[in-house]
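Written below as structure tokens is the structure these notes are about.
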Amino acid sequence: MALINLRNVGKTYEMGANRVAALHDVSLSIDEGEFVCITGPSGSGKSTMMHILGCLDRPTQGSYELDGQQVASMSPEELADTRNRRIGFVFQGFNLLPRTSALENVEVPLLYSRSLPNAAERKRRGLAVLDALGLKDRADHHPSQLSGGQQQRVAIARALVNEPSLILADEPTGNLDSATSVEVMNTLQALRADRGITVILITHEAEIAAYGTRVISIRDGVIREDRPNPDRRPAHDQAAAAVAEA
Amino acid sequence: MHLIRSQAALAVKELARNRAQAVLALVGVVVGVGALVTSMALGRGAQTAIQDQLLAAGVNMIIITSGNYQVKQPGSGGAPADHGDLRSPSEFDSRFVEAPRNHSYRSRPAFAGYPGGLRLGAALDSRDFVLRPAHFEDDPMAVHDHPTAAQRLGDAMAGLGAAATLSIDDARAIRTQLPGVEFVASGVHENARITVDDGGAKQWFTRLHGTEADLPTIRRGWVFPYGRFFSEQEVDQSSQVMVLGRVVADRLFGEGVEPVGRRVLMWNQPFEVVGVVGSSNWAVQPTPGDDQFDAVYLPVSTVHRLLNLSKLNTITVTTKIAGETTEMAEAITELLRKRHGITEEMPDDFTVRTQAEQVLSKGLAPDLARVVSGNLTSVDSLTMEQLAASMQRSNRTLLALLTGVAAVSLLVGGIGVMNLLFLSVTQRTREIGLRMAMGARSRDIALQFFVEALVLCAVGGVLGAIAGTFAAYGLEGVLAWSTDVSPASAIVAAVVALLLGVFSGVLPARRAAKLDPINALHHE
């Protein structure tokens with residue numbers, strides 16, 4: 001069953017008298033467990049695509065079905081709840097709260113969860129996710145005390161803490177050197193392999209896009225290419241090699 | 001609840017992260033709330049001080065004297081009456097054995113010299129033919145070793161202070177039946193010769209006041225350089241204890257000598273000195289011949305027992321509020337007339353005067369004083385009460401001014417908090433976007449900033465209340481301004497701080513909540 005179903009989706013911004021179509025008639029279906037990389041130059045509409053997929057914005061035309069639910073007709077509150085439960089975001093700039101421990105950063109989505117876990121429950125779940133990402137001993141560290149790769153892994157832990165079915169990563173390696181990028185890609189690939197989480201990754205680097213199982217390129221708000229990537233790069237081996245080299 | 005708690009924790013954390021700015025905004029709130037608490041303390045203090053001064057001056061004091069010398073002749077057009085003409089002999093006769101009927105002279109312990117209570121005559125009540133014992137002092141054959149009632153109180157026919165028309169029960173009724181009465185002290189007044197009980201010849205003629213343990217609370221200007229006033233218990237037991245006025249103590253024992261525990265003699269009876277009363281008011285200095293400090297004080301019950309009396313010469317009443325003496329005097333008059341069974345056409349058999357009247361008529365020739373106080377019965381309401389009212393009015397003006405200052409500083413404090421939060425919303429726009437991306441609803445974001453404002457103002461309110469209290473005590477200590485920090489000002493401070501938090505939190509919270517998540521996320 002398709003996790004994501006976009007049908008004739010369009011997004012038009014009104015800027016004064018001008019109407020700018022950021023997305024035009026996009027139809028797309030993504031199944032559970034796929035690792036989709038969306039590529040395109042800046043201004044191609046991939047960010048708009050990301051916002052719509054992430055329920056941060058609603059399309060002006062067409063329909064978007066996420067996990068069988070129509071997103072286009074949702075109220076802002078329902079959108080917020082959907083983001084909280086179904087989607088984990090990973091950003092280029094990590095966007096961790098400064099002067100706040102890794103654990104507390106990871107707990108933030110739980111504060112807005114409708115199930116209202118209490119403090120002990122939040123801590124337990126936060127630590128569990130950090131542990132899964134090998135960051136248990138960094139739980140009390142502030143972002144400034146962590147390396148870039150560690151910060152991004154904390155951000156991934158935060159995205160995972162509510163056990164979403166979809167991870168949306170917007171240029172997650174943009175601020176990282178290549179070795180650390182491999183490390184992060186390895187983490188994301190492992191999520192898909194171990195937990196069956198669907199990953200959608202936005203990047204403008206072809207090299208990074210090669211880690212996905214499917215690559216979609218966008219230009220001028222239109223999908224130009226949508227191809228499977230059967231010989232995707234396994235980050236695991238590279239990471240092992242990098243460790244061996246060092 | 002859970003959300004509020006986690007938001008409060010979050011707010012504290014956020015504020016701690018922006019410590020310098022939070023502290024600056026906090027200072028504004030602290031100054032505002034502190035100014036409010038201080039001004040309230042000063043205002044209340046001034047109010048209390050004015051009231052205290054007026055009360056110390058006796059503005060709230062009403063003195064009821066038995067007998068009546070200021071009644072007007074019926075139809076005489078308000079001219080002060082010659083009291084001697086007022087009562088026909090038959091009137092006097094019946095009055096002498098009149099009410100209160102529930103009282104018997106025999107019920108009191110007899111004076112030591114008269115075992116069983118000497119009683120030679122019986123007066124005939126003209127109305128119900130009940131035989132009543134007359135006072136033993138009325139026995140023309142008796143030899144007394146103390147002044148008799150007639151000698152003490154002057155000519156009974158005059159119907160003056162000698163007229164035994166007031167009773168302990170009257171005092172009790174005033175105390176219990178009239179709200180607005182603060183204290184009631186009944187009094188018997190005599191002249192007495194006091195001797196030191198050491199075989200020497202030191203003696204002093206002075207005034208004797210038989211009164212109750214409440215008197216020091218009425219006489220606010222009193223201090224006790226030695227010992228204390230007699231107690232309620234000593235009044236109940238009619239103990240032979242005595243409080244000396246400063247002048248008496250100095251004359252009998254010498255200045256600076258502790259007389260407490262010494263024995264003095266009066267009416268051939270020993271009395272233990274339990275205290276010395278002096279004046280705390282520099283304007284009122286004990287002088288020989290005055291009525292307060294050249295005097296001795298005994299429990300009224302002791303005087304009654306030793307002299308086998310039951311009547312009072314005076315009842316002293318204080319009102320709770322300084323400006324109520326005129327109304328209270330009227331209420332007392334009405335009550336006593338009812339108790340004494342005085343019909344409408346008959347004059348009072350007592351005199352109710354306020355201290356204000358006495359102050360005004362002081363120094364006047366007795367005739368003139370009677371004219372003044374007899375003709376201008378409302379003189380107190382024109383002067384002392386108006387003085388009290390005008391002092392309270394000016395105090396209210398001062399209070400309004402101080403409250404205005406506090407309001408301005410509160411406004412500034414509130415704007416400071418609002419400014420901090422607006423700044424914070426701008427600085428943390430990315431964070432807001434992030435939180436929204438992670439599922440925060442608009443109201444979660446609004447609540448976060450709102451709670452931050454509330455926390456800031458609550459902390460500022462508490463610190464401000466503490467600072468204001470210290471400032472008030474400081475002003476009292478350094479400038480000798482009178483202040484009064486009340487629990488009410490703490491409640492007002494709490495409410496004001498809360499309102500300030502709401503006022504300064506709403507706009508920034510709205511701005512934060514209205515942010516678009518995408519724009520916020522990409523805000524630089």
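A note on labels: chains of the structure tokens are A, B, ... as shown, every chain counts residues from 1, and ligands are counted from 1 in their shown order.
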Interface list for chain B, partner chain A, 8 Å threshold, only C-alpha atoms, as a count of residues only: 18
Within 12 Å of B:Ala512 using only C-alpha atoms, minus same-chain residues under 6 positions, as JSON, numbers by chain: {"B": [421, 422, 423, 424, 425, 426, 427, 428, 429, 430, 431, 432, 433, 435, 436, 440, 441, 442, 443, 444, 445, 446, 447, 448, 449, 450, 505, 506, 520]}
Two-atom distance - atom CA of A:Ile167, atom CA of A:Ile200 (Å): 6.2 Å
Between atom CA of B:Leu166 and atom CA of B:Ser66, distance in Å (one decimal):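 Here the two named atoms are 5.7 Å from each other.
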Å distance separating atom CA of B:Ala20 from atom CA of B:Ser504, one decimal place: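 Separation of atom CA of B:Ala20 and atom CA of B:Ser504: 18.5 Å.
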Residue contacts of stretch 35-42 of chain A (7 Å, only C-alpha atoms) excluding same-chain residues fewer than 2 positions away, as a ChimeraX atom specification: /A:33,44,46,198-204,209,212-219
Residue selection dump (N, CA and C atoms) as a PDB file, in the first residue's frame:
```
ATOM      1  N   GLY A  33       8.681   1.896   3.239  1.00  0.00           N
ATOM      2  CA  GLY A  33       9.996   1.270   3.205  1.00  0.00           C
ATOM      3  C   GLY A  33      10.886   1.746   2.082  1.00  0.00           C
ATOM      4  N   SER A  44      13.998  24.766  -7.910  1.00  0.00           N
ATOM      5  CA  SER A  44      13.332  23.786  -8.759  1.00  0.00           C
ATOM      6  C   SER A  44      11.965  23.406  -8.225  1.00  0.00           C
ATOM      7  N   LYS A  46      11.814  21.749  -5.143  1.00  0.00           N
ATOM      8  CA  LYS A  46      11.958  20.602  -4.251  1.00  0.00           C
ATOM      9  C   LYS A  46      11.665  20.974  -2.797  1.00  0.00           C
ATOM     10  N   THR A 198      10.016   4.756   6.102  1.00  0.00           N
ATOM     11  CA  THR A 198      10.169   5.381   4.801  1.00  0.00           C
ATOM     12  C   THR A 198      11.001   6.647   4.959  1.00  0.00           C
ATOM     13  N   VAL A 199      11.986   6.823   4.085  1.00  0.00           N
ATOM     14  CA  VAL A 199      12.827   8.008   4.163  1.00  0.00           C
ATOM     15  C   VAL A 199      12.693   8.799   2.868  1.00  0.00           C
ATOM     16  N   ILE A 200      12.406  10.091   2.989  1.00  0.00           N
ATOM     17  CA  ILE A 200      12.449  10.962   1.819  1.00  0.00           C
ATOM     18  C   ILE A 200      13.526  11.988   2.083  1.00  0.00           C
ATOM     19  N   LEU A 201      14.488  12.062   1.202  1.00  0.00           N
ATOM     20  CA  LEU A 201      15.642  12.904   1.423  1.00  0.00           C
ATOM     21  C   LEU A 201      15.746  13.912   0.285  1.00  0.00           C
ATOM     22  N   ILE A 202      15.876  15.164   0.620  1.00  0.00           N
ATOM     23  CA  ILE A 202      16.008  16.207  -0.382  1.00  0.00           C
ATOM     24  C   ILE A 202      17.480  16.588  -0.462  1.00  0.00           C
ATOM     25  N   THR A 203      18.014  16.597  -1.624  1.00  0.00           N
ATOM     26  CA  THR A 203      19.424  16.976  -1.753  1.00  0.00           C
ATOM     27  C   THR A 203      19.669  17.547  -3.139  1.00  0.00           C
ATOM     28  N   HIS A 204      20.716  18.330  -3.255  1.00  0.00           N
ATOM     29  CA  HIS A 204      21.082  18.756  -4.597  1.00  0.00           C
ATOM     30  C   HIS A 204      22.355  18.042  -5.042  1.00  0.00           C
ATOM     31  N   ALA A 209      22.316  11.475  -3.422  1.00  0.00           N
ATOM     32  CA  ALA A 209      21.105  10.859  -3.966  1.00  0.00           C
ATOM     33  C   ALA A 209      21.347   9.392  -4.304  1.00  0.00           C
ATOM     34  N   GLY A 212      19.905   6.414  -2.194  1.00  0.00           N
ATOM     35  CA  GLY A 212      18.489   6.049  -2.131  1.00  0.00           C
ATOM     36  C   GLY A 212      18.157   4.855  -2.986  1.00  0.00           C
ATOM     37  N   THR A 213      16.941   4.297  -2.742  1.00  0.00           N
ATOM     38  CA  THR A 213      16.459   3.203  -3.577  1.00  0.00           C
ATOM     39  C   THR A 213      15.731   3.733  -4.795  1.00  0.00           C
ATOM     40  N   ARG A 214      15.439   5.031  -4.745  1.00  0.00           N
ATOM     41  CA  ARG A 214      14.682   5.637  -5.851  1.00  0.00           C
ATOM     42  C   ARG A 214      15.094   7.097  -5.902  1.00  0.00           C
ATOM     43  N   VAL A 215      15.285   7.596  -7.085  1.00  0.00           N
ATOM     44  CA  VAL A 215      15.715   8.982  -7.234  1.00  0.00           C
ATOM     45  C   VAL A 215      14.715   9.730  -8.101  1.00  0.00           C
ATOM     46  N   ILE A 216      14.249  10.867  -7.555  1.00  0.00           N
ATOM     47  CA  ILE A 216      13.301  11.688  -8.313  1.00  0.00           C
ATOM     48  C   ILE A 216      13.962  13.031  -8.538  1.00  0.00           C
ATOM     49  N   SER A 217      14.043  13.473  -9.771  1.00  0.00           N
ATOM     50  CA  SER A 217      14.583  14.820  -9.965  1.00  0.00           C
ATOM     51  C   SER A 217      13.487  15.761 -10.442  1.00  0.00           C
ATOM     52  N   ILE A 218      13.553  16.949  -9.875  1.00  0.00           N
ATOM     53  CA  ILE A 218      12.536  17.961 -10.136  1.00  0.00           C
ATOM     54  C   ILE A 218      13.215  19.153 -10.776  1.00  0.00           C
ATOM     55  N   ARG A 219      12.526  19.785 -11.675  1.00  0.00           N
ATOM     56  CA  ARG A 219      13.016  21.025 -12.260  1.00  0.00           C
ATOM     57  C   ARG A 219      11.814  21.872 -12.648  1.00  0.00           C
TER      58      ARG A 219
END
```
Long-range neighbours of stretch 456-464 of chain B as a list in words, 7 Å cut-off, only C-alpha atoms, 5 positions minimum in chain: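 Near stretch 456-464 of chain B, the qualifying residues are Leu26, Val29, Val30, Val31, Val33, Gly34, Ala493, Ala494, Ala497, Leu498, Leu500 and Gly501 of chain B.
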Shell around A:Asp140 at 10 Å using only C-alpha atoms, local window under 2 positions removed, as an MDAnalysis selection string: chainID A and resid 100:104 135:138 142:143 145
DSSP-assigned strand (DSSP E or B) members of stretch 70-239 of chain A, reported as a PyMOL selection string: chain A and resi 70+87-90+166-170+198-203+214-219+222-228
Backbone DSSP call of helix (DSSP H, G or I) for stretch 200-375 of chain B, listed as a PyMOL selection string: chain B and resi 215-218+232-236+246-253+300-307+322-339+355-361+366-375
Polymer residues at most 7 Å from stretch 212-228 of chain B, only C-alpha atoms, same-chain spacing of 4 or more positions, as a PyMOL selection string: chain B and resi 56+183+185-186+232+235+258+260+274-281+299-300+318
Output file for the residues above (N, CA and C atoms, as a PDB file, in the first residue's frame):
```
ATOM      1  N   ALA B  56      -5.100  58.955  70.308  1.00  0.00           N
ATOM      2  CA  ALA B  56      -4.283  59.310  71.463  1.00  0.00           C
ATOM      3  C   ALA B  56      -4.752  60.634  72.041  1.00  0.00           C
ATOM      4  N   PHE B 183     -13.682  50.116  73.751  1.00  0.00           N
ATOM      5  CA  PHE B 183     -13.439  49.737  75.140  1.00  0.00           C
ATOM      6  C   PHE B 183     -14.394  50.512  76.026  1.00  0.00           C
ATOM      7  N   ALA B 185     -14.589  51.513  80.215  1.00  0.00           N
ATOM      8  CA  ALA B 185     -14.026  51.407  81.552  1.00  0.00           C
ATOM      9  C   ALA B 185     -14.925  52.176  82.497  1.00  0.00           C
ATOM     10  N   SER B 186     -15.343  51.493  83.542  1.00  0.00           N
ATOM     11  CA  SER B 186     -16.160  52.194  84.508  1.00  0.00           C
ATOM     12  C   SER B 186     -15.251  52.801  85.568  1.00  0.00           C
ATOM     13  N   GLU B 232      -7.180  41.819  84.807  1.00  0.00           N
ATOM     14  CA  GLU B 232      -8.588  41.434  84.832  1.00  0.00           C
ATOM     15  C   GLU B 232      -8.882  40.593  86.078  1.00  0.00           C
ATOM     16  N   VAL B 235      -9.106  42.520  89.167  1.00  0.00           N
ATOM     17  CA  VAL B 235     -10.389  43.215  89.245  1.00  0.00           C
ATOM     18  C   VAL B 235     -11.458  42.236  89.721  1.00  0.00           C
ATOM     19  N   GLU B 258      12.328  52.209  92.425  1.00  0.00           N
ATOM     20  CA  GLU B 258      11.350  51.200  92.028  1.00  0.00           C
ATOM     21  C   GLU B 258      10.333  50.981  93.149  1.00  0.00           C
ATOM     22  N   VAL B 260       7.527  49.104  92.818  1.00  0.00           N
ATOM     23  CA  VAL B 260       6.723  47.897  92.629  1.00  0.00           C
ATOM     24  C   VAL B 260       7.048  46.892  93.733  1.00  0.00           C
ATOM     25  N   VAL B 274       1.644  47.721  92.198  1.00  0.00           N
ATOM     26  CA  VAL B 274       2.000  46.807  91.109  1.00  0.00           C
ATOM     27  C   VAL B 274       2.589  47.541  89.915  1.00  0.00           C
ATOM     28  N   GLY B 275       2.471  48.860  89.891  1.00  0.00           N
ATOM     29  CA  GLY B 275       3.030  49.544  88.730  1.00  0.00           C
ATOM     30  C   GLY B 275       2.988  51.048  88.893  1.00  0.00           C
ATOM     31  N   VAL B 276       3.720  51.701  88.009  1.00  0.00           N
ATOM     32  CA  VAL B 276       3.722  53.161  87.950  1.00  0.00           C
ATOM     33  C   VAL B 276       3.371  53.544  86.535  1.00  0.00           C
ATOM     34  N   VAL B 277       2.453  54.504  86.381  1.00  0.00           N
ATOM     35  CA  VAL B 277       2.065  54.907  85.052  1.00  0.00           C
ATOM     36  C   VAL B 277       2.620  56.293  84.738  1.00  0.00           C
ATOM     37  N   GLY B 278       3.233  56.399  83.559  1.00  0.00           N
ATOM     38  CA  GLY B 278       3.777  57.671  83.103  1.00  0.00           C
ATOM     39  C   GLY B 278       3.239  57.991  81.720  1.00  0.00           C
ATOM     40  N   SER B 279       3.719  59.086  81.140  1.00  0.00           N
ATOM     41  CA  SER B 279       3.230  59.514  79.848  1.00  0.00           C
ATOM     42  C   SER B 279       4.272  59.251  78.778  1.00  0.00           C
ATOM     43  N   SER B 280       3.813  58.724  77.632  1.00  0.00           N
ATOM     44  CA  SER B 280       4.743  58.518  76.522  1.00  0.00           C
ATOM     45  C   SER B 280       4.757  59.742  75.613  1.00  0.00           C
ATOM     46  N   ASN B 281       3.881  60.666  75.868  1.00  0.00           N
ATOM     47  CA  ASN B 281       3.712  61.821  75.000  1.00  0.00           C
ATOM     48  C   ASN B 281       4.439  63.013  75.617  1.00  0.00           C
ATOM     49  N   PRO B 299      -8.536  48.676  91.246  1.00  0.00           N
ATOM     50  CA  PRO B 299      -9.665  48.000  90.605  1.00  0.00           C
ATOM     51  C   PRO B 299     -10.965  48.591  91.139  1.00  0.00           C
ATOM     52  N   VAL B 300     -11.906  48.832  90.243  1.00  0.00           N
ATOM     53  CA  VAL B 300     -13.179  49.437  90.641  1.00  0.00           C
ATOM     54  C   VAL B 300     -13.887  48.553  91.663  1.00  0.00           C
ATOM     55  N   THR B 318     -14.601  54.268  74.474  1.00  0.00           N
ATOM     56  CA  THR B 318     -13.913  54.685  73.249  1.00  0.00           C
ATOM     57  C   THR B 318     -14.603  54.037  72.061  1.00  0.00           C
TER      58      THR B 318
END
```
